[in-house]
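Below is structure-v7.pdb, holding PDB, C-alpha atoms.
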```pdb
MODEL        1
ATOM      1  CA  MET M   1       6.000   6.105  -4.460
ATOM      2  CA  THR M   2       8.814   7.926  -6.147
ATOM      3  CA  THR M   3       8.958  10.837  -8.535
ATOM      4  CA  SER M   4      10.523   8.448 -11.083
ATOM      5  CA  ALA M   5       7.536   6.182 -11.245
ATOM      6  CA  GLY M   6       9.020   3.134 -12.900
ATOM      7  CA  LEU M   7       6.834   0.464 -14.460
ATOM      8  CA  LEU M   8       5.221  -2.815 -13.485
ATOM      9  CA  THR M   9       4.711  -5.368 -16.260
ATOM     10  CA  VAL M  10       2.375  -8.326 -15.729
ATOM     11  CA  LYS M  11       2.005 -11.188 -18.203
ATOM     12  CA  ALA M  12      -0.132 -14.328 -18.118
ATOM     13  CA  CYS M  13      -1.418 -17.093 -20.397
ATOM     14  CA  PHE M  14      -5.123 -17.944 -20.728
ATOM     15  CA  LYS M  15      -5.471 -21.716 -20.956
ATOM     16  CA  ASP M  16      -8.113 -24.233 -19.865
ATOM     17  CA  ARG M  17     -10.322 -21.349 -18.645
ATOM     18  CA  GLY M  18      -7.649 -20.225 -16.173
ATOM     19  CA  LEU M  19      -4.646 -17.890 -15.959
ATOM     20  CA  HIS M  20      -1.273 -19.624 -15.973
ATOM     21  CA  ASP M  21       2.426 -18.793 -16.173
ATOM     22  CA  ILE M  22       1.921 -15.473 -14.408
ATOM     23  CA  ARG M  23       5.030 -13.283 -14.511
ATOM     24  CA  VAL M  24       5.755  -9.860 -13.050
ATOM     25  CA  ALA M  25       8.623  -7.465 -13.692
ATOM     26  CA  LEU M  26       8.932  -4.430 -11.436
ATOM     27  CA  ALA M  27      11.317  -1.757 -12.677
ATOM     28  CA  ARG M  28      11.708   1.243 -10.426
ATOM     29  CA  PRO M  29      14.761   3.377  -9.718
ATOM     30  CA  SER M  30      16.220   3.188  -6.243
ATOM     31  CA  VAL M  31      16.634   6.425  -4.324
ATOM     32  CA  ALA M  32      18.624   4.784  -1.530
ATOM     33  CA  GLY M  33      21.934   5.377  -3.303
ATOM     34  CA  LEU M  34      21.301   9.112  -3.182
ATOM     35  CA  PHE M  35      21.592   9.034   0.607
ATOM     36  CA  THR M  36      24.954   7.279   0.882
ATOM     37  CA  GLY M  37      27.514   9.624   2.375
ATOM     38  CA  GLN M  38      24.872  12.163   3.430
ATOM     39  CA  LEU M  39      24.220  13.469   6.920
ATOM     40  CA  PRO M  40      21.191  11.732   8.485
ATOM     41  CA  ASP M  41      19.266  14.996   8.801
ATOM     42  CA  ALA M  42      19.826  15.688   5.113
ATOM     43  CA  VAL M  43      18.035  12.424   4.356
ATOM     44  CA  THR M  44      14.952  13.294   6.372
ATOM     45  CA  LYS M  45      14.744  16.711   4.732
ATOM     46  CA  THR M  46      15.153  15.287   1.222
ATOM     47  CA  VAL M  47      12.756  12.329   1.417
ATOM     48  CA  PRO M  48       9.476  14.308   1.099
ATOM     49  CA  TYR M  49      10.723  15.873  -2.144
ATOM     50  CA  LEU M  50      11.661  12.527  -3.692
ATOM     51  CA  PHE M  51       8.331  10.791  -3.093
ATOM     52  CA  THR M  52       5.180  12.104  -4.695
ATOM     53  CA  LEU M  53       2.869   9.515  -3.121
ATOM     54  CA  CYS M  54       2.576   9.092   0.643
ATOM     55  CA  ALA M  55       5.125  11.880   1.159
ATOM     56  CA  HIS M  56       4.126  12.424   4.801
ATOM     57  CA  ALA M  57       4.450   8.720   5.595
ATOM     58  CA  GLN M  58       7.807   8.588   3.830
ATOM     59  CA  ARG M  59       9.121  11.497   5.914
ATOM     60  CA  VAL M  60       7.866  10.028   9.199
ATOM     61  CA  ALA M  61       9.347   6.581   8.453
ATOM     62  CA  ALA M  62      12.692   8.175   7.541
ATOM     63  CA  GLU M  63      12.725  10.244  10.739
ATOM     64  CA  ALA M  64      11.843   7.192  12.824
ATOM     65  CA  ALA M  65      14.715   5.204  11.289
ATOM     66  CA  VAL M  66      17.279   7.986  11.686
ATOM     67  CA  THR M  67      16.398   8.842  15.281
ATOM     68  CA  ALA M  68      16.423   5.152  16.258
ATOM     69  CA  ALA M  69      19.864   4.673  14.700
ATOM     70  CA  GLN M  70      21.256   7.640  16.601
ATOM     71  CA  GLY M  71      19.548   6.860  19.891
ATOM     72  CA  GLU M  72      17.476  10.042  19.781
ATOM     73  CA  ALA M  73      13.922  10.569  20.979
ATOM     74  CA  PRO M  74      11.264  10.062  18.278
ATOM     75  CA  ARG M  75      10.247  13.246  16.510
ATOM     76  CA  VAL M  76       6.768  14.717  16.810
ATOM     77  CA  PHE M  77       4.502  14.170  13.811
ATOM     78  CA  ASP M  78       1.031  15.321  12.782
ATOM     79  CA  SER M  79      -1.348  12.358  12.992
ATOM     80  CA  ALA M  80      -4.191  14.197  11.264
ATOM     81  CA  GLU M  81      -2.183  14.811   8.083
ATOM     82  CA  LEU M  82      -1.184  11.143   8.000
ATOM     83  CA  TRP M  83      -4.778   9.940   8.414
ATOM     84  CA  LEU M  84      -5.830  12.308   5.623
ATOM     85  CA  GLU M  85      -3.046  11.024   3.392
ATOM     86  CA  VAL M  86      -4.266   7.444   3.892
ATOM     87  CA  LEU M  87      -7.838   8.527   3.239
ATOM     88  CA  HIS M  88      -6.856  10.314   0.042
ATOM     89  CA  GLU M  89      -5.202   7.207  -1.411
ATOM     90  CA  ASN M  90      -7.948   4.836  -0.279
ATOM     91  CA  LEU M  91     -10.797   7.036  -1.496
ATOM     92  CA  TRP M  92      -9.029   7.512  -4.828
ATOM     93  CA  ARG M  93      -8.980   3.750  -5.314
ATOM     94  CA  LEU M  94     -12.485   3.060  -3.998
ATOM     95  CA  LEU M  95     -14.249   5.893  -5.825
ATOM     96  CA  LEU M  96     -12.179   6.372  -8.989
ATOM     97  CA  ASP M  97     -10.311   3.151  -9.829
ATOM     98  CA  TRP M  98     -12.381   0.233  -8.586
ATOM     99  CA  PRO M  99     -15.705   1.244 -10.194
ATOM    100  CA  PRO M 100     -14.381   1.280 -13.818
ATOM    101  CA  ALA M 101     -12.534  -1.982 -13.137
ATOM    102  CA  LEU M 102     -15.949  -3.481 -12.366
ATOM    103  CA  GLY M 103     -17.878  -1.809 -15.183
ATOM    104  CA  LEU M 104     -19.275   1.028 -13.046
ATOM    105  CA  HIS M 105     -19.040   4.804 -13.326
ATOM    106  CA  PRO M 106     -16.563   6.489 -10.952
ATOM    107  CA  GLU M 107     -17.573   9.068  -8.358
ATOM    108  CA  LYS M 108     -15.191  11.644  -9.793
ATOM    109  CA  GLU M 109     -17.031  14.848  -8.886
ATOM    110  CA  ALA M 110     -17.668  13.741  -5.301
ATOM    111  CA  PHE M 111     -14.027  12.798  -4.821
ATOM    112  CA  ILE M 112     -12.706  16.062  -6.290
ATOM    113  CA  ALA M 113     -15.048  18.057  -4.048
ATOM    114  CA  TRP M 114     -13.785  16.174  -0.993
ATOM    115  CA  ARG M 115     -10.141  16.593  -2.016
ATOM    116  CA  ASN M 116     -10.583  20.341  -2.424
ATOM    117  CA  ALA M 117     -12.230  20.646   1.003
ATOM    118  CA  ARG M 118     -10.193  18.147   3.041
ATOM    119  CA  GLN M 119      -7.790  20.730   4.499
ATOM    120  CA  GLY M 120     -10.599  22.977   5.747
ATOM    121  CA  GLY M 121     -12.024  23.291   9.220
ATOM    122  CA  ASP M 122     -15.052  21.156   8.329
ATOM    123  CA  CYS M 123     -12.922  18.311   6.978
ATOM    124  CA  LEU M 124     -14.462  15.671   9.228
ATOM    125  CA  ALA M 125     -18.030  16.611   8.309
ATOM    126  CA  VAL M 126     -17.157  16.676   4.607
ATOM    127  CA  THR M 127     -15.510  13.251   4.888
ATOM    128  CA  GLN M 128     -18.431  11.705   6.750
ATOM    129  CA  ASN M 129     -20.801  13.140   4.160
ATOM    130  CA  LEU M 130     -18.734  11.531   1.390
ATOM    131  CA  LEU M 131     -18.894   8.177   3.150
ATOM    132  CA  HIS M 132     -22.665   8.341   3.509
ATOM    133  CA  HIS M 133     -23.591   9.628   0.052
ATOM    134  CA  SER M 134     -20.850   8.185  -2.165
ATOM    135  CA  LEU M 135     -18.572   5.574  -0.633
ATOM    136  CA  ARG M 136     -21.068   3.221   0.997
ATOM    137  CA  PRO M 137     -23.450   3.094  -2.019
ATOM    138  CA  MET M 138     -20.537   2.603  -4.408
ATOM    139  CA  ALA M 139     -19.000  -0.100  -2.232
ATOM    140  CA  GLU M 140     -22.270  -2.030  -2.281
ATOM    141  CA  LYS M 141     -22.351  -1.898  -6.084
ATOM    142  CA  CYS M 142     -18.727  -2.996  -6.338
ATOM    143  CA  LEU M 143     -19.233  -5.935  -3.998
ATOM    144  CA  GLU M 144     -22.163  -7.128  -6.085
ATOM    145  CA  MET M 145     -19.756  -7.370  -9.033
ATOM    146  CA  LEU M 146     -16.968  -9.107  -7.106
ATOM    147  CA  VAL M 147     -18.266 -12.663  -7.426
ATOM    148  CA  ASP M 148     -16.328 -15.836  -6.641
ATOM    149  CA  ARG M 149     -14.978 -17.758  -9.644
ATOM    150  CA  SER M 150     -13.046 -20.384  -7.736
ATOM    151  CA  THR M 151     -13.093 -24.008  -8.920
ATOM    152  CA  GLU M 152     -12.861 -25.139  -5.296
ATOM    153  CA  GLU M 153     -15.537 -25.243  -2.622
ATOM    154  CA  VAL M 154     -14.950 -22.277  -0.333
ATOM    155  CA  ALA M 155     -16.763 -20.664   2.542
ATOM    156  CA  PRO M 156     -18.579 -17.378   1.853
ATOM    157  CA  ASP M 157     -15.946 -14.660   1.661
ATOM    158  CA  ASP M 158     -16.699 -11.817   4.039
ATOM    159  CA  GLY M 159     -13.181 -10.474   3.763
ATOM    160  CA  ASP M 160     -10.043 -10.947   5.788
ATOM    161  CA  GLN M 161     -10.162  -9.863   9.385
ATOM    162  CA  VAL M 162      -8.602  -6.421   9.409
ATOM    163  CA  MET M 163      -5.796  -6.282  11.955
ATOM    164  CA  PRO M 164      -5.135  -3.043  13.828
ATOM    165  CA  ALA M 165      -2.578  -1.085  11.829
ATOM    166  CA  ALA M 166      -0.109  -0.932  14.705
ATOM    167  CA  ALA M 167      -0.121  -4.741  14.965
ATOM    168  CA  LEU M 168       1.245  -5.011  11.414
ATOM    169  CA  LEU M 169       4.392  -3.039  12.237
ATOM    170  CA  ALA M 170       7.420  -5.183  13.093
ATOM    171  CA  PRO M 171      10.455  -2.887  13.333
ATOM    172  CA  GLN M 172      12.492  -5.197  15.592
ATOM    173  CA  ALA M 173      12.101  -8.169  13.246
ATOM    174  CA  TRP M 174      12.986  -5.951  10.290
ATOM    175  CA  LEU M 175      16.016  -4.612  12.171
ATOM    176  CA  GLU M 176      17.316  -8.149  12.612
ATOM    177  CA  TYR M 177      16.991  -8.686   8.872
ATOM    178  CA  TRP M 178      18.675  -5.343   8.179
ATOM    179  CA  GLN M 179      21.613  -6.251  10.434
ATOM    180  CA  GLY M 180      21.935  -9.676   8.823
ATOM    181  CA  THR M 181      20.968 -11.761  11.850
ATOM    182  CA  ALA M 182      17.698 -12.905  10.222
ATOM    183  CA  ALA M 183      17.636 -14.505   6.790
ATOM    184  CA  GLN M 184      14.283 -13.115   5.679
ATOM    185  CA  MET M 185      12.120 -10.065   6.052
ATOM    186  CA  PRO M 186       9.016 -10.432   8.261
ATOM    187  CA  ALA M 187       6.232 -12.376   6.543
ATOM    188  CA  LEU M 188       4.027 -10.415   4.177
ATOM    189  CA  LEU M 189       0.281 -10.304   4.838
ATOM    190  CA  VAL M 190      -1.365 -11.184   1.511
ATOM    191  CA  PRO M 191      -5.146 -10.965   0.925
ATOM    192  CA  THR M 192      -6.878 -14.282   0.331
ATOM    193  CA  SER M 193      -8.971 -13.057  -2.596
ATOM    194  CA  ILE M 194      -9.709  -9.988  -4.705
ATOM    195  CA  ARG M 195     -12.958  -9.491  -2.836
ATOM    196  CA  SER M 196     -11.256  -9.703   0.554
ATOM    197  CA  ALA M 197      -8.700  -7.109  -0.560
ATOM    198  CA  PHE M 198     -11.530  -4.746  -1.487
ATOM    199  CA  LEU M 199     -13.306  -5.356   1.828
ATOM    200  CA  ALA M 200     -10.091  -4.818   3.779
ATOM    201  CA  ARG M 201      -9.469  -1.503   2.014
ATOM    202  CA  LEU M 202     -13.035  -0.407   2.736
ATOM    203  CA  ALA M 203     -12.673  -1.337   6.415
ATOM    204  CA  GLU M 204      -9.343   0.490   6.653
ATOM    205  CA  THR M 205     -10.938   3.593   5.161
ATOM    206  CA  LEU M 206     -13.788   3.584   7.672
ATOM    207  CA  ALA M 207     -11.311   2.993  10.500
ATOM    208  CA  ALA M 208      -9.201   5.955   9.317
ATOM    209  CA  VAL M 209     -12.248   8.227   9.447
ATOM    210  CA  ASP M 210     -12.975   7.078  12.998
ATOM    211  CA  ALA M 211      -9.334   7.676  13.949
ATOM    212  CA  LEU M 212      -9.409  11.156  12.445
ATOM    213  CA  ALA M 213     -12.575  11.923  14.397
ATOM    214  CA  SER M 214     -11.165  10.687  17.703
ATOM    215  CA  GLY M 215      -7.727  12.234  17.276
ATOM    216  CA  ALA M 216      -6.023   8.839  17.457
ATOM    217  CA  THR M 217      -2.261   8.672  17.087
ATOM    218  CA  PHE M 218      -1.118   7.408  13.713
ATOM    219  CA  PRO M 219       0.810   4.098  13.903
ATOM    220  CA  VAL M 220       4.568   4.671  13.716
ATOM    221  CA  ALA M 221       7.204   2.356  15.194
ATOM    222  CA  SER M 222      10.986   2.105  15.261
ATOM    223  CA  ALA M 223      13.846  -0.029  16.508
ATOM    224  CA  GLY M 224      17.600   0.339  16.536
ATOM    225  CA  GLY M 225      20.656   1.872  18.100
ATOM    226  CA  GLY M 226      24.392   1.947  17.577
ATOM    227  CA  GLY M 227      24.029   3.366  14.086
ATOM    228  CA  TRP M 228      21.399   0.864  12.917
ATOM    229  CA  GLY M 229      17.796   2.043  12.597
ATOM    230  CA  VAL M 230      14.450   0.924  11.206
ATOM    231  CA  GLY M 231      11.341   3.089  11.023
ATOM    232  CA  GLN M 232       7.926   1.847   9.983
ATOM    233  CA  THR M 233       4.514   3.351   9.424
ATOM    234  CA  MET M 234       1.338   2.539   7.539
ATOM    235  CA  THR M 235       0.222   3.694   4.129
ATOM    236  CA  ALA M 236      -2.965   2.960   2.222
ATOM    237  CA  ARG M 237      -1.066   0.138   0.498
ATOM    238  CA  GLY M 238       0.432  -1.444   3.603
ATOM    239  CA  VAL M 239       3.547  -1.210   5.754
ATOM    240  CA  LEU M 240       6.284   1.202   4.684
ATOM    241  CA  THR M 241       9.804   0.558   6.007
ATOM    242  CA  HIS M 242      12.883   2.780   6.031
ATOM    243  CA  ALA M 243      16.194   1.322   7.216
ATOM    244  CA  VAL M 244      19.465   3.173   7.764
ATOM    245  CA  HIS M 245      23.024   2.366   8.835
ATOM    246  CA  VAL M 246      24.994   5.367  10.070
ATOM    247  CA  VAL M 247      28.767   5.096  10.368
ATOM    248  CA  GLU M 248      30.894   7.944  11.756
ATOM    249  CA  GLY M 249      28.041  10.407  11.429
ATOM    250  CA  VAL M 250      27.115   9.754   7.794
ATOM    251  CA  VAL M 251      24.787   7.322   6.023
ATOM    252  CA  ALA M 252      26.662   4.184   4.957
ATOM    253  CA  ASN M 253      23.610   2.323   3.685
ATOM    254  CA  TYR M 254      19.910   3.030   3.272
ATOM    255  CA  ARG M 255      16.861   1.099   2.146
ATOM    256  CA  VAL M 256      13.236   1.913   1.439
ATOM    257  CA  GLN M 257      10.872  -1.060   1.328
ATOM    258  CA  ALA M 258       7.413  -0.074   0.127
ATOM    259  CA  PRO M 259       4.371  -2.380  -0.145
ATOM    260  CA  THR M 260       4.778  -2.476  -3.921
ATOM    261  CA  ASP M 261       8.304  -3.860  -3.484
ATOM    262  CA  ASN M 262       6.867  -6.656  -1.357
ATOM    263  CA  TYR M 263       3.840  -7.599  -3.421
ATOM    264  CA  PHE M 264       5.557  -7.488  -6.799
ATOM    265  CA  ALA M 265       9.024  -8.805  -6.007
ATOM    266  CA  ASP M 266       7.787 -11.903  -7.836
ATOM    267  CA  ALA M 267       4.481 -13.392  -8.967
ATOM    268  CA  THR M 268       3.645 -15.137  -5.673
ATOM    269  CA  ALA M 269       1.096 -12.674  -4.278
ATOM    270  CA  LEU M 270      -0.622 -12.113  -7.612
ATOM    271  CA  SER M 271      -0.735 -15.836  -8.390
ATOM    272  CA  SER M 272      -2.355 -16.547  -5.018
ATOM    273  CA  LEU M 273      -5.234 -14.211  -5.882
ATOM    274  CA  LEU M 274      -5.776 -15.851  -9.270
ATOM    275  CA  ALA M 275      -5.254 -19.502  -8.359
ATOM    276  CA  ASN M 276      -8.208 -21.813  -9.090
ATOM    277  CA  LEU M 277     -10.245 -19.062 -10.789
ATOM    278  CA  GLN M 278     -12.215 -19.942 -13.922
ATOM    279  CA  PHE M 279     -13.189 -17.541 -16.710
ATOM    280  CA  ALA M 280     -15.743 -17.761 -19.485
ATOM    281  CA  SER M 281     -13.624 -15.840 -21.979
ATOM    282  CA  LEU M 282     -10.262 -14.237 -22.650
ATOM    283  CA  ASP M 283     -11.772 -10.781 -22.092
ATOM    284  CA  GLN M 284     -13.097 -11.807 -18.687
ATOM    285  CA  ALA M 285      -9.677 -13.193 -17.733
ATOM    286  CA  ARG M 286      -8.083  -9.868 -18.691
ATOM    287  CA  ARG M 287     -10.579  -7.913 -16.587
ATOM    288  CA  VAL M 288      -9.994 -10.078 -13.529
ATOM    289  CA  LEU M 289      -6.217  -9.919 -13.930
ATOM    290  CA  ASN M 290      -6.489  -6.126 -13.808
ATOM    291  CA  GLN M 291      -8.695  -6.381 -10.730
ATOM    292  CA  ALA M 292      -6.104  -8.599  -9.038
ATOM    293  CA  VAL M 293      -3.347  -6.088  -9.758
ATOM    294  CA  LEU M 294      -5.584  -3.310  -8.427
ATOM    295  CA  ALA M 295      -6.234  -5.363  -5.283
ATOM    296  CA  LEU M 296      -2.480  -5.355  -4.567
ATOM    297  CA  ASP M 297      -2.358  -1.690  -5.630
ATOM    298  CA  PRO M 298       1.072  -0.959  -7.113
ATOM    299  CA  CYS M 299       2.261   2.614  -6.637
ATOM    300  CA  VAL M 300       3.722   2.679 -10.166
ATOM    301  CA  PRO M 301       2.035   2.565 -13.594
ATOM    302  CA  TYR M 302       1.467  -0.949 -14.868
ATOM    303  CA  VAL M 303       0.675  -2.836 -18.056
ATOM    304  CA  ALA M 304      -1.030  -6.238 -18.027
ATOM    305  CA  GLU M 305      -0.961  -8.636 -20.946
ATOM    306  CA  VAL M 306      -2.886 -11.892 -21.344
ATOM    307  CA  VAL M 307      -2.198 -14.149 -24.314
ATOM    308  CA  ASP M 308      -4.505 -16.918 -25.444
ATOM    309  CA  ALA M 309      -2.555 -20.144 -25.288
TER     310      ALA M 309
ENDMDL
END
```
Translate the structure described by the file into structure tokens.
Amino acid sequence: MTTSAGLLTVKACFKDRGLHDIRVALARPSVAGLFTGQLPDAVTKTVPYLFTLCAHAQRVAAEAAVTAAQGEAPRVFDSAELWLEVLHENLWRLLLDWPPALGLHPEKEAFIAWRNARQGGDCLAVTQNLLHHSLRPMAEKCLEMLVDRSTEEVAPDDGDQVMPAAALLAPQAWLEYWQGTAAQMPALLVPTSIRSAFLARLAETLAAVDALASGATFPVASAGGGGWGVGQTMTARGVLTHAVHVVEGVVANYRVQAPTDNYFADATALSSLLANLQFASLDQARRVLNQAVLALDPCVPYVAEVVDA
């Protein structure tokens, strides 16, 4: 989510029809050091210029953290622009990235037309039209291609139950971790399969359209006081967290924890999606590895390598 994109490297070995020895290396520059010694308001003004993806969410999370740390009232934000930001990222993935990953043609023209019209007065009608004519038909085609390759007996996968976005925010638990009174960050919600990740993203997209139509408030939460603050909000990739410690009026420490940082801190999440899967060929294993990475949706460029062991 930063202007300096960084790089995610994924490596795996193809052996006995499965993927083994999965390794990930996430290299991305930290912007948190830029804020040390700055006034809190300088941070909130700078954040949108440092992040090219989810810039509105980044600003809102930063403001929530800073105001909580200083005991101030939460700042007003524009829910509509946040819902549109989530829709932009989700529709990009569902219409442009997932189809080629499954051997289908992307809906490029339809997406570009929506993106050009999304800030207009008929945004809702344009979005609903895109869902009817492009997203739903494409989603059906994609789901036909997302077949189960597990070696274990499993129940039919209709996707994970999608929790309300606000229920996924845990600023108080994160604050305890930030202050050092909890040993670990709150547990990460990981999809159970590639197909369930796709279904969850589709459901989140439809829910965002409904929220935009009803004027629902975008989920933002915070916790803190006494110079310590945590602000959280949702992005298309999951929960975004900003944490700040203010000492004598200036920032002493700052942290940004994006979904990519969670999912690709190690190989655990990716390995869980690929465990027990069987492939007919090396090429098929490579395709599914790319689909698994796409399911977790890193916000940085990535390279994936599979070697035949």
Taking the file as shown, what set of residues would the PyMOL selection byres ((chain M and resi 57) around 9) give back, as a VMD selection string?
-> chain M and resid 48 53 to 56 58 to 62 82 85 to 86 232 to 235 240
The PyMOL selection byres ((chain M and resi 292-295) around 8) applied to the shown file, residues as a PDB file with C-alpha atoms, in the coordinates of the input:
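Produced file expr_28.pdb, reproduced below:
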```
ATOM      1  CA  TRP M  98     -12.381   0.233  -8.586  1.00  0.00           C
ATOM      2  CA  ILE M 194      -9.709  -9.988  -4.705  1.00  0.00           C
ATOM      3  CA  ALA M 197      -8.700  -7.109  -0.560  1.00  0.00           C
ATOM      4  CA  PHE M 198     -11.530  -4.746  -1.487  1.00  0.00           C
ATOM      5  CA  LEU M 270      -0.622 -12.113  -7.612  1.00  0.00           C
ATOM      6  CA  LEU M 273      -5.234 -14.211  -5.882  1.00  0.00           C
ATOM      7  CA  LEU M 274      -5.776 -15.851  -9.270  1.00  0.00           C
ATOM      8  CA  VAL M 288      -9.994 -10.078 -13.529  1.00  0.00           C
ATOM      9  CA  LEU M 289      -6.217  -9.919 -13.930  1.00  0.00           C
ATOM     10  CA  ASN M 290      -6.489  -6.126 -13.808  1.00  0.00           C
ATOM     11  CA  GLN M 291      -8.695  -6.381 -10.730  1.00  0.00           C
ATOM     12  CA  LEU M 296      -2.480  -5.355  -4.567  1.00  0.00           C
ATOM     13  CA  ASP M 297      -2.358  -1.690  -5.630  1.00  0.00           C
ATOM     14  CA  PRO M 298       1.072  -0.959  -7.113  1.00  0.00           C
TER      15      PRO M 298
END
```
Residue contacts of M:Phe14 (9 Å, all atoms listed in the file) excluding same-chain residues fewer than 2 positions away, as JSON, numbers by chain | {"M": [12, 16, 17, 18, 19, 20, 21, 281, 282, 285, 286, 306, 307, 308, 309]}
Name the residues captured by the PyMOL selection byres ((chain M and resi 205-220) around 10) when it is applied to the shown file; answer as a PyMOL selection string.
-> chain M and resi 57+60-61+64+74+77-91+94+123-125+127-128+131+135-136+162+164-169+171+199-204+221-222+231-236+239-240
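Between atom CA of M:Glu72 and atom CA of M:Gly33 the separation is 24.0 Å.
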Find, counting all atoms listed in the file, the residue in M:Pro99, M:Gly225, M:Pro29, M:Gly121 that gets nearest to M:Gln172.
->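 Going through M:Pro99, M:Gly225, M:Pro29, M:Gly121 one by one, the smallest distance to M:Gln172 is for M:Gly225.
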What are the centre and the three edge lengths of an axis-aligned box that wraps all atoms of stretch 126-131 of chain M in the file, given that 4 Å is added to every side, written as lines of an AutoDock Vina configuration file and rounded to one decimal in Å?
```
center_x = -18.2
center_y = 12.4
center_z = 4.1
size_x = 13.3
size_y = 16.5
size_z = 13.4
```
Extract, using only C-alpha atoms, all DNA, RNA and protein residues at most 12 Å from M:Val300, discarding same-chain residues fewer than 3 positions from it, and format them as JSON, numbers by chain.
-> {"M": [1, 2, 3, 4, 5, 6, 7, 8, 9, 25, 26, 27, 28, 29, 51, 52, 53, 237, 258, 259, 260, 261, 264, 293, 294, 296, 297, 303]}
Atom CA of M:Trp114 and atom CA of M:Glu140, how far apart in Å?
->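 So the answer is 20.1 Å.
In this structure, atom CA of M:Ala187 sits 23.7 Å away from atom CA of M:Val66.
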In terms of the shortest atom-to-atom distance over all atoms listed in the file, which of M:Ala68, M:Asp122, M:Thr46, M:Cys13 is closest to M:Leu34?
-> M:Thr46
Using all atoms listed in the file, which of M:Ala243, M:Ala69, M:Ala117, M:Cys142 sits nearest M:His105?
->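 For M:His105, the nearest of the given residues is M:Cys142.
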Fewer than 2 positions away in the same chain doesn't count, so skip those; otherwise give me all residues within 12 Å of M:Glu109, counting only C-alpha atoms, as a list of chain:residue names.
->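 Within the cut-off, the hits are M:Trp92, M:Leu95, M:Leu96, M:His105, M:Pro106, M:Glu107, M:Phe111, M:Ile112, M:Ala113, M:Trp114, M:Arg115, M:Asn116, M:Leu130, M:Ser134.
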10 Å contact set for M:Gln184, all atoms listed in the file, chain neighbours under 6 positions out, as a compact mmCIF listing (two decimals) with C-alpha atoms, in the frame of the given file:
```txt
# COMPACT_ATOMS: atom_id res chain seq x y z
CA ALA M 173 12.10 -8.17 13.25
CA TRP M 174 12.99 -5.95 10.29
CA GLU M 176 17.32 -8.15 12.61
CA TYR M 177 16.99 -8.69 8.87
CA TRP M 178 18.68 -5.34 8.18
```
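Considering the residues M:Ala110, M:Leu104, M:Val251, M:Ala269 and counting only C-alpha atoms, M:Leu143 has its shortest atom-to-atom contact with M:Leu104.
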